[in-house]
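Q: Just one file: start_13.txt, with compact mmCIF, C-alpha atoms.
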# COMPACT_ATOMS: atom_id res chain seq x y z
CA MET I 1499 -66.48 -72.86 63.23
CA GLU I 1500 -66.09 -70.80 60.03
CA ASP I 1501 -69.83 -70.70 59.28
CA ASN I 1502 -70.76 -69.47 62.73
CA LYS I 1503 -68.01 -66.92 62.69
CA GLU I 1504 -69.37 -65.57 59.39
CA LYS I 1505 -72.93 -65.62 60.77
CA TYR I 1506 -72.10 -63.64 63.87
CA GLN I 1507 -70.27 -60.99 61.91
CA HIS I 1508 -73.37 -59.50 60.32
CA GLY I 1509 -76.11 -61.88 61.31
CA PHE I 1510 -77.53 -62.37 57.81
CA LYS I 1511 -77.95 -65.74 56.15
CA VAL I 1512 -79.03 -66.84 52.69
CA PRO I 1513 -80.87 -70.04 51.76
CA GLU I 1514 -78.64 -72.87 50.67
CA GLY I 1515 -77.67 -72.70 46.97
CA TYR I 1516 -79.00 -69.14 46.67
CA PHE I 1517 -76.02 -67.75 44.77
CA ASP I 1518 -75.91 -70.72 42.34
CA SER I 1519 -79.21 -69.78 40.79
CA VAL I 1520 -79.34 -65.98 40.91
CA GLU I 1521 -79.19 -65.64 37.11
CA ASP I 1522 -81.87 -68.27 36.52
CA ARG I 1523 -84.27 -66.62 38.90
CA LEU I 1524 -83.70 -63.21 37.38
CA PHE I 1525 -84.61 -64.58 33.96
CA ASP I 1526 -87.60 -66.45 35.32
CA ALA I 1527 -88.87 -63.23 36.80
CA LEU I 1528 -88.61 -61.58 33.43
CA ASP I 1529 -90.03 -64.47 31.43
CA LEU I 1530 -86.66 -64.84 29.77
CA GLU I 1531 -86.87 -68.56 29.83
CA GLU I 1532 -86.25 -71.23 27.22
CA LEU I 1533 -88.46 -69.38 24.76
CA LEU I 1534 -85.85 -66.68 24.52
CA LYS I 1535 -83.00 -69.07 23.94
CA GLU I 1536 -83.96 -68.51 20.32
CA THR I 1537 -82.64 -65.25 18.95
CA GLY I 1538 -85.29 -64.75 16.26
CA PHE I 1539 -82.66 -64.49 13.51
CA GLU I 1540 -83.47 -66.43 10.33
CA VAL I 1541 -81.39 -67.50 7.32
CA PRO I 1542 -82.58 -67.59 3.70
CA GLU I 1543 -83.92 -71.02 2.76
CA GLY I 1544 -81.23 -73.44 1.61
CA TYR I 1545 -78.42 -71.12 2.70
CA PHE I 1546 -76.41 -73.84 4.45
CA ASP I 1547 -76.72 -76.38 1.57
CA GLY I 1548 -73.88 -75.82 -0.83
CA LEU I 1549 -72.00 -73.53 1.52
CA GLU I 1550 -69.04 -75.94 1.41
CA ASP I 1551 -68.69 -75.50 -2.38
CA LYS I 1552 -68.94 -71.73 -2.11
CA ILE I 1553 -66.26 -71.58 0.59
CA LEU I 1554 -63.92 -74.06 -1.15
CA GLU I 1555 -64.17 -72.03 -4.32
CA LYS I 1556 -63.25 -68.88 -2.38
CA VAL I 1557 -60.35 -70.62 -0.66
CA GLN I 1558 -58.94 -71.73 -4.01
CA ASP I 1559 -59.37 -68.28 -5.53
CA ALA I 1560 -57.75 -66.53 -2.60
CA PRO I 1561 -54.04 -65.84 -3.10
CA GLN I 1562 -51.82 -68.41 -1.46
CA GLU I 1563 -50.23 -67.33 1.74
CA THR I 1564 -46.47 -67.31 1.74
CA LYS I 1565 -44.61 -68.56 4.74
CA VAL I 1566 -44.14 -65.85 7.32
CA ILE I 1567 -40.73 -65.55 8.86
CA SER I 1568 -40.65 -63.15 11.74
CA ILE I 1569 -38.12 -60.48 10.89
CA PHE I 1570 -38.78 -58.61 14.10
CA ARG I 1571 -36.77 -61.12 16.08
CA GLN I 1572 -33.64 -60.71 14.04
CA LYS I 1573 -31.41 -58.02 15.46
CA VAL I 1574 -29.47 -57.99 12.21
CA PHE I 1575 -32.61 -56.63 10.54
CA TRP I 1576 -32.71 -53.60 12.81
CA TYR I 1577 -28.98 -52.91 12.48
CA THR I 1578 -29.17 -53.17 8.71
CA ALA I 1579 -32.31 -51.08 8.58
CA SER I 1580 -30.84 -48.30 10.73
CA VAL I 1581 -27.57 -48.23 8.78
CA ALA I 1582 -29.49 -48.12 5.50
CA ALA I 1583 -31.74 -45.34 6.80
CA SER I 1584 -28.77 -43.25 7.99
CA ALA I 1585 -27.00 -43.77 4.67
CA ALA I 1586 -30.11 -42.67 2.80
CA ILE I 1587 -30.39 -39.50 4.89
CA ILE I 1588 -26.70 -38.64 4.35
CA VAL I 1589 -27.02 -39.17 0.62
CA MET I 1590 -30.09 -36.93 0.52
CA LEU I 1591 -28.41 -34.18 2.57
CA PHE I 1592 -25.07 -34.01 0.81
CA PHE I 1593 -25.71 -35.11 -2.70
CA LYS I 1594 -28.63 -32.92 -3.64
CA PRO I 1595 -29.09 -32.57 -7.38
CA ALA I 1596 -27.54 -29.40 -8.80
CA GLY I 1597 -30.97 -28.11 -9.78
CA GLY I 1598 -31.65 -27.48 -6.08
CA GLU I 1599 -35.30 -26.80 -5.41
CA GLU I 1600 -36.81 -29.41 -7.66
CA GLU I 1601 -40.35 -30.27 -6.85
CA MET I 1602 -41.11 -33.78 -5.70
CA ASP I 1603 -42.63 -35.72 -8.51
CA LEU I 1604 -44.73 -37.89 -6.26
CA ASN I 1605 -48.42 -37.45 -5.96
CA GLU I 1606 -48.77 -37.14 -2.26
CA PRO I 1607 -51.96 -38.73 -1.02
CA THR I 1608 -54.05 -36.85 1.49
CA LEU I 1609 -54.61 -38.25 4.97
CA ALA I 1610 -58.23 -39.00 4.10
CA GLU I 1611 -57.14 -41.04 1.08
CA ILE I 1612 -54.71 -43.05 3.16
CA GLU I 1613 -57.41 -43.71 5.74
CA ALA I 1614 -59.91 -44.77 3.07
CA TYR I 1615 -57.29 -47.06 1.52
CA LEU I 1616 -56.51 -48.70 4.86
CA ASP I 1617 -60.20 -49.13 5.54
CA GLN I 1618 -60.96 -50.83 2.28
CA ASP I 1619 -57.76 -52.61 1.40
CA PRO I 1620 -58.46 -56.31 1.74
CA THR I 1621 -54.79 -56.98 2.38
CA ALA I 1622 -54.71 -54.62 5.37
CA ILE I 1623 -53.28 -56.15 8.49
CA ASP I 1624 -55.75 -56.60 11.31
CA SER I 1625 -55.03 -57.42 14.91
CA TYR I 1626 -55.44 -61.14 14.26
CA ASP I 1627 -52.82 -61.14 11.49
CA LEU I 1628 -50.51 -59.21 13.73
CA ALA I 1629 -51.01 -61.70 16.54
CA GLN I 1630 -50.15 -64.51 14.12
CA VAL I 1631 -46.83 -62.91 13.20
CA LEU I 1632 -45.67 -61.59 16.55
CA THR I 1633 -44.44 -63.92 19.27
CA ASP I 1634 -44.92 -63.38 22.99
CA GLU I 1635 -41.37 -62.08 23.13
CA ASP I 1636 -42.14 -59.44 20.51
CA TRP I 1637 -45.15 -58.26 22.47
CA GLU I 1638 -43.05 -57.97 25.61
CA VAL I 1639 -40.51 -55.84 23.76
CA LEU I 1640 -43.28 -53.64 22.39
CA GLU I 1641 -44.82 -53.29 25.82
CA THR I 1642 -41.58 -52.31 27.53
CA GLU I 1643 -40.79 -49.86 24.76
CA ASN I 1644 -44.11 -48.15 25.34
CA THR I 1645 -43.99 -47.87 29.11
CA TYR I 1646 -44.96 -44.54 30.55
CA LEU I 1647 -42.40 -41.93 31.39
CA ASP I 1648 -41.51 -41.66 35.03
CA GLU I 1649 -42.56 -38.54 36.87
CA GLU I 1650 -39.09 -37.04 37.01
CA SER I 1651 -38.52 -37.14 33.25
CA LEU I 1652 -41.99 -35.78 32.70
CA GLU I 1653 -41.36 -32.85 35.03
CA GLU I 1654 -38.02 -32.17 33.39
CA TYR I 1655 -39.66 -32.17 29.98
CA ILE I 1656 -42.38 -29.75 31.07
CA LEU I 1657 -39.83 -27.39 32.65
CA ASP I 1658 -37.66 -27.41 29.55
CA ASN I 1659 -40.34 -27.14 26.93
CA ILE I 1660 -43.39 -25.37 28.20
CA ASP I 1661 -43.30 -21.61 28.69
CA ASP I 1662 -46.82 -21.05 29.94
CA PRO I 1663 -46.33 -19.90 33.57
CA THR I 1664 -49.89 -20.83 34.59
CA ILE I 1665 -48.92 -24.47 34.61
CA PHE I 1666 -46.72 -23.92 37.68
CA ILE I 1667 -49.58 -22.52 39.73
CA GLU I 1668 -51.00 -26.02 40.17
CA MET F 873 -68.50 -86.49 14.18
CA ILE F 874 -64.97 -87.21 13.09
CA GLU F 875 -62.50 -87.21 15.93
CA GLU F 876 -60.81 -83.84 16.18
CA GLN F 877 -57.25 -85.13 16.23
CA SER F 878 -57.57 -87.15 13.02
CA LEU F 879 -59.33 -84.24 11.33
CA VAL F 880 -56.48 -81.91 12.26
CA SER F 881 -53.82 -84.29 10.96
CA ALA F 882 -55.77 -84.72 7.68
CA LEU F 883 -56.04 -80.93 7.40
CA GLN F 884 -52.29 -80.65 7.82
CA THR F 885 -51.57 -83.31 5.15
CA PRO F 886 -51.52 -81.64 1.70
CA SER F 887 -53.06 -84.60 -0.14
CA GLN F 888 -56.02 -84.80 2.26
CA LYS F 889 -56.40 -81.13 3.07
CA GLU F 890 -59.24 -80.27 0.70
CA ALA F 891 -61.46 -83.22 1.61
CA ALA F 892 -60.81 -82.70 5.32
CA PHE F 893 -61.58 -79.02 4.97
CA ARG F 894 -64.92 -79.81 3.36
CA THR F 895 -65.73 -82.01 6.37
CA LEU F 896 -64.65 -79.26 8.72
CA VAL F 897 -66.90 -76.71 6.99
CA SER F 898 -69.86 -79.12 7.14
CA GLN F 899 -69.33 -79.75 10.83
CA TYR F 900 -68.91 -76.17 11.94
CA LYS F 901 -70.69 -73.97 9.39
CA GLU F 902 -73.92 -73.63 11.34
CA ARG F 903 -72.40 -73.18 14.77
CA LEU F 904 -69.93 -70.56 13.53
CA TYR F 905 -72.65 -68.88 11.46
CA TRP F 906 -74.90 -68.34 14.48
CA HIS F 907 -71.99 -67.22 16.62
CA ILE F 908 -71.02 -64.58 14.04
CA ARG F 909 -74.63 -63.59 13.34
CA LYS F 910 -75.18 -62.57 16.95
CA ILE F 911 -72.21 -60.23 16.73
CA VAL F 912 -72.68 -58.69 13.27
CA ILE F 913 -76.53 -59.03 13.19
CA ASP F 914 -77.07 -58.76 9.42
CA HIS F 915 -77.27 -61.98 7.36
CA ASP F 916 -75.22 -60.78 4.39
CA ASP F 917 -72.50 -59.41 6.66
CA THR F 918 -72.48 -62.73 8.53
CA ASP F 919 -72.07 -64.59 5.24
CA ASP F 920 -69.00 -62.47 4.41
CA VAL F 921 -67.45 -62.87 7.84
CA LEU F 922 -68.13 -66.63 7.87
CA GLN F 923 -66.36 -67.07 4.55
CA ASN F 924 -63.41 -64.96 5.67
CA THR F 925 -63.24 -67.00 8.86
CA PHE F 926 -63.03 -70.28 6.95
CA ILE F 927 -60.45 -68.84 4.54
CA LYS F 928 -58.34 -67.81 7.51
CA ILE F 929 -58.77 -71.23 9.09
CA PHE F 930 -57.70 -72.92 5.84
CA ARG F 931 -54.63 -70.71 5.55
CA SER F 932 -53.55 -70.98 9.15
CA ILE F 933 -54.33 -74.62 9.85
CA ASP F 934 -50.68 -75.59 9.33
CA ASN F 935 -49.75 -73.33 12.23
CA PHE F 936 -52.43 -74.82 14.50
CA LYS F 937 -50.84 -76.39 17.56
CA ALA F 938 -52.55 -79.16 19.45
CA GLU F 939 -52.18 -77.13 22.68
CA SER F 940 -55.67 -75.69 22.19
CA LYS F 941 -58.80 -77.37 20.90
CA LEU F 942 -59.62 -76.96 17.20
CA TYR F 943 -63.14 -75.92 18.17
CA THR F 944 -62.07 -73.11 20.50
CA TRP F 945 -59.34 -72.00 18.05
CA MET F 946 -61.94 -71.67 15.28
CA TYR F 947 -64.30 -69.76 17.55
CA ARG F 948 -61.46 -67.41 18.43
CA ILE F 949 -60.82 -66.70 14.75
CA ALA F 950 -64.55 -66.19 14.10
CA THR F 951 -64.82 -63.82 17.08
CA ASN F 952 -61.79 -61.78 15.97
CA GLU F 953 -63.05 -61.60 12.39
CA SER F 954 -66.49 -60.44 13.56
CA ILE F 955 -65.09 -57.76 15.86
CA THR F 956 -62.69 -56.53 13.18
CA PHE F 957 -65.62 -56.36 10.76
CA ILE F 958 -67.81 -54.38 13.19
CA ASN F 959 -64.97 -52.00 14.01
CA LYS F 960 -64.24 -51.34 10.33
CA LYS F 961 -67.92 -50.78 9.64
CA ALA F 962 -68.16 -48.35 12.57
CA LYS F 963 -65.05 -46.52 11.43
CA ARG F 964 -66.46 -46.11 7.94
CA ALA F 965 -69.63 -44.65 9.43
CA GLN F 966 -67.49 -42.57 11.83
CA ILE F 967 -69.28 -43.80 14.95
CA SER F 968 -68.33 -46.17 17.78
CA SER F 969 -68.75 -49.95 17.49
CA GLU F 970 -71.44 -49.84 20.21
CA GLU F 971 -73.36 -47.18 18.27
CA ILE F 972 -73.22 -49.17 15.04
CA LYS F 973 -74.57 -52.22 16.86
CA GLU F 974 -77.48 -50.23 18.23
CA GLU F 975 -78.14 -48.86 14.78
CA MET F 976 -78.21 -52.36 13.30
CA ILE F 977 -80.56 -53.58 16.02
CA SER F 978 -82.90 -50.67 15.34
CA ARG F 979 -83.17 -51.93 11.76
CA LEU F 980 -84.12 -55.45 12.88
CA GLU F 981 -87.85 -54.76 12.88
CA SER F 982 -87.81 -54.36 9.12
CA ASP F 983 -85.21 -57.08 8.48
CA VAL F 984 -86.66 -59.90 6.38
CA HIS F 985 -84.31 -62.32 8.11
CA PHE F 986 -85.55 -61.53 11.60
CA GLU F 987 -88.62 -63.36 12.78
CA GLY F 988 -88.30 -62.65 16.48
CA ASN F 989 -91.24 -61.70 18.65
CA GLU F 990 -91.42 -58.57 20.75
CA ALA F 991 -89.59 -60.11 23.71
CA GLN F 992 -86.77 -61.40 21.49
CA LEU F 993 -86.39 -57.99 19.87
CA LYS F 994 -86.32 -56.34 23.27
CA LEU F 995 -83.64 -58.77 24.41
CA GLN F 996 -81.50 -57.96 21.36
CA LYS F 997 -81.92 -54.25 22.08
CA ALA F 998 -80.85 -54.82 25.67
CA ILE F 999 -77.78 -56.81 24.57
CA ALA F 1000 -76.78 -54.00 22.19
CA THR F 1001 -76.47 -51.62 25.13
CA LEU F 1002 -73.69 -53.70 26.71
CA PRO F 1003 -69.97 -53.16 26.11
CA GLN F 1004 -68.56 -55.46 23.40
CA LYS F 1005 -66.90 -57.94 25.77
CA GLN F 1006 -70.04 -58.37 27.86
CA GLN F 1007 -72.09 -58.88 24.69
CA LEU F 1008 -69.79 -61.69 23.66
CA VAL F 1009 -69.86 -63.37 27.05
CA PHE F 1010 -73.63 -63.05 27.35
CA ASN F 1011 -74.35 -64.40 23.84
CA MET F 1012 -71.99 -67.31 24.19
CA LYS F 1013 -73.17 -68.27 27.65
CA TYR F 1014 -76.89 -67.62 27.35
CA PHE F 1015 -77.67 -68.68 23.76
CA GLU F 1016 -74.84 -71.05 22.96
CA ASP F 1017 -74.41 -72.75 26.34
CA HIS F 1018 -70.63 -72.71 26.30
CA THR F 1019 -68.95 -73.62 29.56
CA TYR F 1020 -66.88 -70.94 31.31
CA GLU F 1021 -63.78 -73.05 30.63
CA GLU F 1022 -64.45 -73.01 26.87
CA LEU F 1023 -65.17 -69.29 26.99
CA SER F 1024 -61.95 -68.75 28.88
CA GLU F 1025 -59.99 -70.43 26.09
CA ILE F 1026 -61.86 -68.64 23.28
CA LEU F 1027 -61.80 -65.15 24.79
CA GLU F 1028 -58.48 -65.57 26.61
CA THR F 1029 -59.94 -64.30 29.87
CA SER F 1030 -59.96 -65.88 33.32
CA VAL F 1031 -63.01 -67.90 34.41
CA GLY F 1032 -63.53 -65.49 37.34
CA GLY F 1033 -63.51 -62.49 35.02
CA LEU F 1034 -66.00 -64.17 32.70
CA LYS F 1035 -68.36 -65.07 35.55
CA SER F 1036 -68.43 -61.49 36.72
CA SER F 1037 -68.88 -60.20 33.14
CA TYR F 1038 -71.86 -62.53 32.67
CA HIS F 1039 -73.34 -61.59 36.00
CA ILE F 1040 -73.04 -57.87 35.23
CA ALA F 1041 -74.48 -58.42 31.74
CA VAL F 1042 -77.52 -60.23 33.16
CA LYS F 1043 -78.09 -57.45 35.69
CA LYS F 1044 -77.89 -54.73 33.04
CA ILE F 1045 -80.23 -56.60 30.69
CA THR F 1046 -82.70 -57.13 33.51
CA ALA F 1047 -82.59 -53.44 34.40
CA TYR F 1048 -83.01 -52.43 30.74
CA ILE F 1049 -86.03 -54.66 30.23
CA LYS F 1050 -87.68 -53.49 33.46
CA GLU F 1051 -87.19 -49.86 32.47
CA GLU F 1052 -88.71 -50.25 29.02
Would you encode the structure as structure tokens?
A:
Amino acid sequence: MEDNKEKYQHGFKVPEGYFDSVEDRLFDALDLEELLKETGFEVPEGYFDGLEDKILEKVQDAPQETKVISIFRQKVFWYTASVAASAAIIVMLFFKPAGGEEEMDLNEPTLAEIEAYLDQDPTAIDSYDLAQVLTDEDWEVLETENTYLDEESLEEYILDNIDDPTIFIE
Amino acid sequence: MIEEQSLVSALQTPSQKEAAFRTLVSQYKERLYWHIRKIVIDHDDTDDVLQNTFIKIFRSIDNFKAESKLYTWMYRIATNESITFINKKAKRAQISSEEIKEEMISRLESDVHFEGNEAQLKLQKAIATLPQKQQLVFNMKYFEDHTYEELSEILETSVGGLKSSYHIAVKKITAYIKEE
């Protein structure tokens, strides 16, 4: 019989139902019983009354969401984007203005400014928004694109690019 | 309580959307509030996150598919909003999300919206020492009495994984309280 087999293996037994109530007994021992099912957090009086109006008002004030069409799935998008990017680079390389070394007229933001903007911008995309837009297929593509390099390519890269001889001692 | 299916179809019908949404807010405001509060701790922060959660629900309800329950879908949005909020707050303060949680708990004693006794405060301190996922599982299982199946749908984790997370969380909390 299974039970006996188990018993003879190490000889120990536990009372029936022991594992079903381990958590409960731990809490009992620590007086963490029903009393503590309350967190102790309070809300200002009357907070929940009128919350519906407050939220509905916010919802109406919030800019309407436009329908999201996933552009990531359309291969045409990537082809067009890469052609456009190449064309832009060619134009920049070969058709430089005669003036030559003109300074860029853009105010380049510092990294800290960009970070602060992303932190505070209410329209910033968070992981939830991203999950709404991307399909399972998109995630799979992203995951396969980011797979780790195999050992051989890694070794080849190190040999080609790193001069420090100490690395080969290992 | 209005049956979930008819509420969803009213929410997805433009002419009934606003009235149905008001009903939805009434039905879930308190449950979602307390769920968020345990994650973000501060009342004013909870108020912000709760409103953002409902705005997101309102905007995305047309994309809601009947494959999952409305209730678990809303909890998932509330959880994601709360975690995003905590992470942004931690990033602004340039510390980790666990550190910011501990910092907020340390301010609880002087918080006018915290009326907990010593044991409740100690429990909150113990919870704050857990990794984020274990905090979520512990709060939702211990205080909110969700079933593992509901938790599995909300947190998109297997029931086995959740059981072990809860078990580990309980052990760590026990050890923390005994040490103190």
Q: Expressed in Å to a single decimal, how great is the separation between atom CA of Lys937 of chain F and atom CA of Glu902 of chain F?
A: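 Distance reported for this atom pair: 24.1 Å.
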Q: Residues of chain F were defined as contacting chain I if any atom lay at most 7 Å from it, counting only C-alpha atoms; please report them as a ChimeraX atom specification.
A: /F:894,897-898,915,923,927,931,952,960,985-988,992,1015,1042
Q: Could you please determine the separation between atom CA of Ser932 of chain F and atom CA of Gln1006 of chain F in Å, to one decimal place?
A: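 That distance, rounded to one decimal, is 27.9 Å.
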Q: Considering only C-alpha atoms, return as a list in words whatever protein or nucleic-acid residues lie within 12 Å of Glu1028 of chain F, sequence-local ones (same chain, fewer than 3 positions apart) excluded.
A: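 Everything that qualifies: Ser940, Thr944, Trp945, Tyr947, Arg948, Thr951, Asn952, Lys1005, Val1009, Tyr1020, Glu1021, Glu1022, Leu1023, Ser1024, Glu1025, Val1031, Gly1032, Gly1033 and Leu1034 of chain F.
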Q: Have a look at atom CA of Tyr943 of chain F and atom CA of Thr925 of chain F and let me know their distance in Å, one decimal.
A: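 Going from atom CA of Tyr943 of chain F over to atom CA of Thr925 of chain F, I get 12.9 Å.
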Q: Neighbouring residues of Glu974 of chain F were defined as those with any atom within 8 Å, considering only C-alpha atoms; residues of the same chain fewer than 6 positions away were excluded. Please report them as a list in words.
A: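 What passes the distance filter is Lys997, Ala1000 and Thr1001 of chain F.
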Q: Tell me which of F:Ile933, F:Arg903, F:Ile977, F:Val984 sits closest to Leu879 of chain F, counting all atoms listed in the file.
A: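 Using all atoms listed in the file, Leu879 of chain F sits closest to F:Ile933.
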Q: For a quick check of understanding, using only C-alpha atoms, which of F:Leu904, F:Ile1026, F:Met976, F:Leu995 has the smallest distance to Thr918 of chain F?
A: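 Ranked by minimum distance to Thr918 of chain F, first place goes to F:Leu904.
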Q: Looking at all atoms listed in the file, which of F:Thr1029, F:Asn959, F:Ser1037, F:Ser887 is the one that sits closest to Ile972 of chain F?
A: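 Of F:Thr1029, F:Asn959, F:Ser1037, F:Ser887, the one nearest Ile972 of chain F is F:Asn959, counting all atoms listed in the file.
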